[in-house]
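**Q** Could you have a look at this structure, given as structure tokens, before my questions?
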Amino acid sequence: MPTPAILPPMNSELLAQLDRLKVQGLAAPDVTTLEISLARHQLAKQYQVLNEEVDSVYQVRDITFQFEGEDVITRLYYPTKEDLQTNTMIIYLHGGGWSFGDYQTHDGISRSFAHLSNIPVATISYALAPEKKFPYQHRQITYVIEQLTQILQQQNSGAPPQLIFLGDSAGANLALSIWQNYLSTQLQAYFAGMVLFYGVYTPGMQTHSWQTIGDGRYGLSSTAMQWYWSAFLETSEQINQASPILANLNNLPPIWLMVGDLDPLIDDTTQLAHQLQVAKVKHACHILSGYPHGFLRFCNQLPAIRDVIMQAGKNAQQMLKGTFI
């Protein structure tokens with residue numbers, strides 16, 4: 001489905017939030033010109049403001065895993081007391097171009113998914129590029145999932161875990177790619193489905209939507225995306241390996257897709273949906289009118305985004321029950 005010739009206006013409530021951040025000097029940093037530590041600091045300040053009022057959950061707990069001599073913090077969110085003994089969990093991989101974000105910046109999003117879906121969430125604070133390059137993140141996250149599943153089994157008398165992969169942007173790329181290429185058959189079987197928001201699925205920026213709205217008018221630009229790819233990959237030849245649409249799409253669990261129609265990555269999502277249909281994978285693809293890339297970070301400000309998360313949560317529950325589509 002090509003990008004429409006006439007695009008809708010940006011949602012007025014979102015536009016007001018973006019203007020508010022800009023007035024406070026908290027607009028998204030230009031990753032192509034700002035030194036990365038300063039860009040991360042600026043983005044962290046933006047998220048701090050966005051996370052001033054967050055959803056409450058029964059308990060939040062941090063677990064630190066060791067992978068190749070480095071700490072990997074995973075933050076667990078339990079909506080209710082009963083969830084402390086559950087074997088069901090959402091595994092959340094946050095966005096940020098593989099180079100930004102952690103369990104603290106994405107605390108608000110994690111809480112919203114736990115609260116509104118009524119499913120515990122594990123947010124993995126994976127290593128960032130360019131300090132760590134592809135496929136380090138894939139191997140690290142796979143290790144953490146292995147450890148988490150062991151913990152879930154131990155606290156549930158050996159019962160197999162029931163998992164949902166949740167990812168947005170680069171996190172959606174990681175979730176799909178890790179399931180395809182890094183999880184054992186046993187670990188794959190634990191995943192009842194995936195919930196993926198505005199992911200990076202295709203190589204490069206040759207799609208119609210990138211050509212049409214990749215100039216940065218709605219935030220994400222092709223220049224920035226090229227910077228993200230360059231930071232993430234050791235060599236440009238790896239881009240095909242890091243593009244899940246080119247990997248095996250057969251036998252995937254059910255997948256629920258969401259993207260805004262002002263996102264230059266919209267064609268990544270619609271092309272993936274088409275390929276999933278060809279591969280006979282259960283899936284649903286939804287397009288949010290008037291929204292650009294990265295809208296989940298406004299989960300504490302915009303009722304429409306909370307509605308989207310509730311919708312995603314209901315579909316995740318259906319996946320866990322085996323009733324999705």
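Following the order of the structure tokens, first chain is A, next is B, and so on, with residues numbered from 1 inside each chain and ligands from 1 in the order they appear.
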Give me, as number ranges by chain, all polymer residues having an atom no more than 7 Å from region 229-246 of chain A, counting only C-alpha atoms and skipping those fewer than 4 positions away in the same chain.

**A** A: 98, 129-130, 133-134, 173, 176-177, 201-203, 225, 272

**Q** Deliver the residues from the most recent selection as a file, using C-alpha atoms, as a PDB file, in the first residue's frame.

**A**
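Okay, part03.pdb is ready:
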ATOM      1  CA  TRP A  98      19.732   1.008  18.483  1.00  0.00           C
ATOM      2  CA  ALA A 129      25.405   1.321  19.366  1.00  0.00           C
ATOM      3  CA  PRO A 130      27.919   2.503  18.331  1.00  0.00           C
ATOM      4  CA  LYS A 133      27.656  -3.253  17.065  1.00  0.00           C
ATOM      5  CA  PHE A 134      25.406  -5.764  15.294  1.00  0.00           C
ATOM      6  CA  ASN A 173      13.534  -4.819  14.345  1.00  0.00           C
ATOM      7  CA  LEU A 176      11.538  -9.979  14.938  1.00  0.00           C
ATOM      8  CA  SER A 177      15.151 -10.615  13.944  1.00  0.00           C
ATOM      9  CA  TYR A 201      12.112  -4.191   8.633  1.00  0.00           C
ATOM     10  CA  THR A 202      13.518  -3.513   5.161  1.00  0.00           C
ATOM     11  CA  PRO A 203      17.100  -2.722   4.117  1.00  0.00           C
ATOM     12  CA  MET A 225      18.124   6.812   9.588  1.00  0.00           C
ATOM     13  CA  LEU A 272       5.981  -6.861   6.113  1.00  0.00           C
TER      14      LEU A 272
END

**Q** May I have a table of the residues of region 117-190 of chain A lying at most 10 Å from region 66-85 of chain A, giving each one's closest pair of atoms and their distance in Å to one decimal, counting only C-alpha atoms, ordered by chain and ascending residue number, as JSON lines?

**A**
{"residue": "A:Ser117", "atom": "CA", "partner": "A:Pro79", "partner_atom": "CA", "distance": 8.8}
{"residue": "A:Asn118", "atom": "CA", "partner": "A:Pro79", "partner_atom": "CA", "distance": 5.8}
{"residue": "A:Ile119", "atom": "CA", "partner": "A:Pro79", "partner_atom": "CA", "distance": 6.7}
{"residue": "A:Pro120", "atom": "CA", "partner": "A:Tyr78", "partner_atom": "CA", "distance": 4.7}
{"residue": "A:Val121", "atom": "CA", "partner": "A:Tyr77", "partner_atom": "CA", "distance": 5.1}
{"residue": "A:Ala122", "atom": "CA", "partner": "A:Leu76", "partner_atom": "CA", "distance": 4.5}
{"residue": "A:Thr123", "atom": "CA", "partner": "A:Arg75", "partner_atom": "CA", "distance": 5.2}
{"residue": "A:Ile124", "atom": "CA", "partner": "A:Thr74", "partner_atom": "CA", "distance": 4.5}
{"residue": "A:Ser125", "atom": "CA", "partner": "A:Ile73", "partner_atom": "CA", "distance": 5.5}
{"residue": "A:Tyr126", "atom": "CA", "partner": "A:Val72", "partner_atom": "CA", "distance": 6.3}
{"residue": "A:Ala127", "atom": "CA", "partner": "A:Val72", "partner_atom": "CA", "distance": 7.6}
{"residue": "A:Arg139", "atom": "CA", "partner": "A:Phe67", "partner_atom": "CA", "distance": 9.2}
{"residue": "A:Gln140", "atom": "CA", "partner": "A:Phe67", "partner_atom": "CA", "distance": 6.5}
{"residue": "A:Ile141", "atom": "CA", "partner": "A:Val72", "partner_atom": "CA", "distance": 8.9}
{"residue": "A:Tyr143", "atom": "CA", "partner": "A:Phe67", "partner_atom": "CA", "distance": 7.4}
{"residue": "A:Val144", "atom": "CA", "partner": "A:Val72", "partner_atom": "CA", "distance": 8.0}
{"residue": "A:Leu148", "atom": "CA", "partner": "A:Thr74", "partner_atom": "CA", "distance": 9.4}
{"residue": "A:Leu152", "atom": "CA", "partner": "A:Gln85", "partner_atom": "CA", "distance": 8.2}
{"residue": "A:Gln155", "atom": "CA", "partner": "A:Gln85", "partner_atom": "CA", "distance": 6.4}
{"residue": "A:Asn156", "atom": "CA", "partner": "A:Gln85", "partner_atom": "CA", "distance": 6.8}

**Q** Output C-alpha atoms for every residue in the selection just made, as an mmCIF file, in the first residue's frame.

**A**
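Listed below is the output, selection.cif:
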data_model
loop_
_atom_site.group_PDB
_atom_site.id
_atom_site.type_symbol
_atom_site.label_atom_id
_atom_site.label_comp_id
_atom_site.auth_asym_id
_atom_site.auth_seq_id
_atom_site.Cartn_x
_atom_site.Cartn_y
_atom_site.Cartn_z
ATOM 1 C CA SER A 117 -2.698 -4.811 29.174
ATOM 2 C CA ASN A 118 -2.691 -6.360 32.672
ATOM 3 C CA ILE A 119 0.356 -8.427 31.674
ATOM 4 C CA PRO A 120 3.739 -8.202 33.439
ATOM 5 C CA VAL A 121 6.457 -6.509 31.381
ATOM 6 C CA ALA A 122 10.205 -7.142 31.298
ATOM 7 C CA THR A 123 12.104 -4.241 29.731
ATOM 8 C CA ILE A 124 15.594 -5.252 28.648
ATOM 9 C CA SER A 125 18.096 -2.380 28.768
ATOM 10 C CA TYR A 126 20.260 -3.769 25.989
ATOM 11 C CA ALA A 127 23.684 -2.431 24.971
ATOM 12 C CA ARG A 139 23.197 -12.268 21.323
ATOM 13 C CA GLN A 140 22.863 -10.269 24.540
ATOM 14 C CA ILE A 141 19.068 -10.112 24.441
ATOM 15 C CA TYR A 143 20.952 -14.585 26.699
ATOM 16 C CA VAL A 144 18.690 -12.452 28.902
ATOM 17 C CA LEU A 148 14.282 -14.926 32.298
ATOM 18 C CA LEU A 152 9.776 -17.998 35.257
ATOM 19 C CA GLN A 155 8.820 -19.909 40.209
ATOM 20 C CA ASN A 156 6.069 -21.890 38.457
#

**Q** Got a sec to tell me which of region 36-269 of chain A DSSP assigns to strand (DSSP E or B), as a PyMOL selection string?

**A** chain A and resi 59-67+70-78+88-93+121-124+162-168+191-197+215+221+255-260

**Q** May I have the residues within 12 Å of Gln318 (chain A) as a PyMOL selection string, using only C-alpha atoms and disregarding those fewer than 4 positions away in the same chain?

**A** chain A and resi 117+119+164+192-195+254-256+311-314+322-325

**Q** Please dump the current selection as a PDB file, in the first residue's frame; keep C-alpha atoms.

**A**
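The resulting again_19.pdb:
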ATOM      1  CA  SER A 117      -2.698  -4.811  29.174  1.00  0.00           C
ATOM      2  CA  ILE A 119       0.356  -8.427  31.674  1.00  0.00           C
ATOM      3  CA  ILE A 164       4.837 -11.826  24.051  1.00  0.00           C
ATOM      4  CA  ALA A 192       2.575 -16.691  21.795  1.00  0.00           C
ATOM      5  CA  GLY A 193       2.938 -13.638  19.567  1.00  0.00           C
ATOM      6  CA  MET A 194       4.504 -10.274  18.845  1.00  0.00           C
ATOM      7  CA  VAL A 195       3.260  -6.692  19.126  1.00  0.00           C
ATOM      8  CA  PRO A 254       0.891 -14.229  15.396  1.00  0.00           C
ATOM      9  CA  ILE A 255       1.966 -10.621  14.872  1.00  0.00           C
ATOM     10  CA  TRP A 256       0.059  -7.386  15.537  1.00  0.00           C
ATOM     11  CA  GLN A 311      -5.892  -2.314  21.837  1.00  0.00           C
ATOM     12  CA  ALA A 312      -2.424  -3.843  21.650  1.00  0.00           C
ATOM     13  CA  GLY A 313      -2.883  -5.334  25.112  1.00  0.00           C
ATOM     14  CA  LYS A 314      -6.200  -6.941  24.168  1.00  0.00           C
ATOM     15  CA  GLY A 322      -4.791 -18.779  21.341  1.00  0.00           C
ATOM     16  CA  THR A 323      -7.778 -16.785  20.074  1.00  0.00           C
ATOM     17  CA  PHE A 324      -5.974 -14.114  18.006  1.00  0.00           C
ATOM     18  CA  ILE A 325      -7.781 -13.733  14.655  1.00  0.00           C
TER      19      ILE A 325
END

**Q** Rank A:Thr64, A:Ser56, A:Gln271, A:Gln154 by their smallest atom-to-atom distance to Arg111 (chain A), using only C-alpha atoms, and report the top residue only.

**A** A:Ser56

**Q** CA of His138 (chain A) to CA of Met319 (chain A): how many Å, to one decimal?

**A**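 Going from CA of His138 (chain A) over to CA of Met319 (chain A), I get 23.9 Å.
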
**Q** Using only C-alpha atoms, pick whichever of A:Leu163, A:Met258, A:His283, A:Thr185 has the shortest atom-to-atom distance to Lys321 (chain A).

**A**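 Among the listed residues, the smallest separation from Lys321 (chain A) belongs to A:Leu163.
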
**Q** Mind running region 78-107 of chain A against region 40-53 of chain A at 8 Å and telling me each contacting residue's nearest atom pair with the distance in Å (one decimal), counting only C-alpha atoms, chain and number ascending, as CSV?

**A**
residue,atom,partner,partner_atom,distance
A:Phe100,CA,A:Arg40,CA,6.2
A:Gly101,CA,A:Ala44,CA,7.5
A:Thr105,CA,A:Tyr47,CA,5.4
A:His106,CA,A:Tyr47,CA,7.5
A:Asp107,CA,A:Asn51,CA,7.3

**Q** How would the residues just chosen look if you wrote them out with N, CA, C and O atoms as a short mmCIF file (atom, residue, chain, number, x, y, z; two decimals), in the first residue's frame?

**A**
data_model
loop_
_atom_site.label_atom_id
_atom_site.label_comp_id
_atom_site.auth_asym_id
_atom_site.auth_seq_id
_atom_site.Cartn_x
_atom_site.Cartn_y
_atom_site.Cartn_z
N PHE A 100 19.94 4.80 21.44
CA PHE A 100 19.38 5.64 22.49
C PHE A 100 18.37 4.86 23.31
O PHE A 100 17.74 3.94 22.82
N GLY A 101 18.21 5.28 24.56
CA GLY A 101 17.17 4.73 25.41
C GLY A 101 17.66 3.64 26.34
O GLY A 101 18.70 3.02 26.12
N THR A 105 14.46 5.72 30.46
CA THR A 105 13.76 6.57 29.50
C THR A 105 12.40 5.96 29.13
O THR A 105 11.41 6.67 28.98
N HIS A 106 12.36 4.64 29.00
CA HIS A 106 11.13 3.99 28.54
C HIS A 106 10.30 3.43 29.68
O HIS A 106 9.45 2.55 29.47
N ASP A 107 10.51 3.96 30.87
CA ASP A 107 9.74 3.53 32.03
C ASP A 107 8.25 3.82 31.85
O ASP A 107 7.41 2.99 32.19
#

**Q** Could you please determine the separation between CA of Ala170 (chain A) and CA of Leu320 (chain A) in Å, to one decimal place?

**A**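 One can read the CA of Ala170 (chain A) to CA of Leu320 (chain A) distance as 24.1 Å.
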
**Q** Between A:Pro292, A:Pro264, A:Gly171, A:Gly95, single out the one closest to Gln211 (chain A), counting only C-alpha atoms.

**A** A:Pro264

**Q** Considering only C-alpha atoms, return as a PyMOL selection string whatever protein or nucleic-acid residues lie within 10 Å of region 295-299 of chain A, sequence-local ones (same chain, fewer than 3 positions apart) excluded.

**A** chain A and resi 14+17-18+46-47+50-51+54-55+95+105-113+168+197-198+259-260+263+288+291-292+302-309

**Q** When you draw a straight line from CA of Leu21 (chain A) to CA of Ser37 (chain A), how long is it in Å?

**A**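 Atom-to-atom, CA of Leu21 (chain A) to CA of Ser37 (chain A), that is 19.8 Å.
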
**Q** Quick one: everything within 10 Å of Leu220 (chain A), counting only C-alpha atoms, minus sequence neighbours fewer than 4 positions away in the same chain. Send it as an NGL selection string.

**A** :A and (28 or 30 or 210 or 213-216 or 224-225 or 262-265 or 292-294)
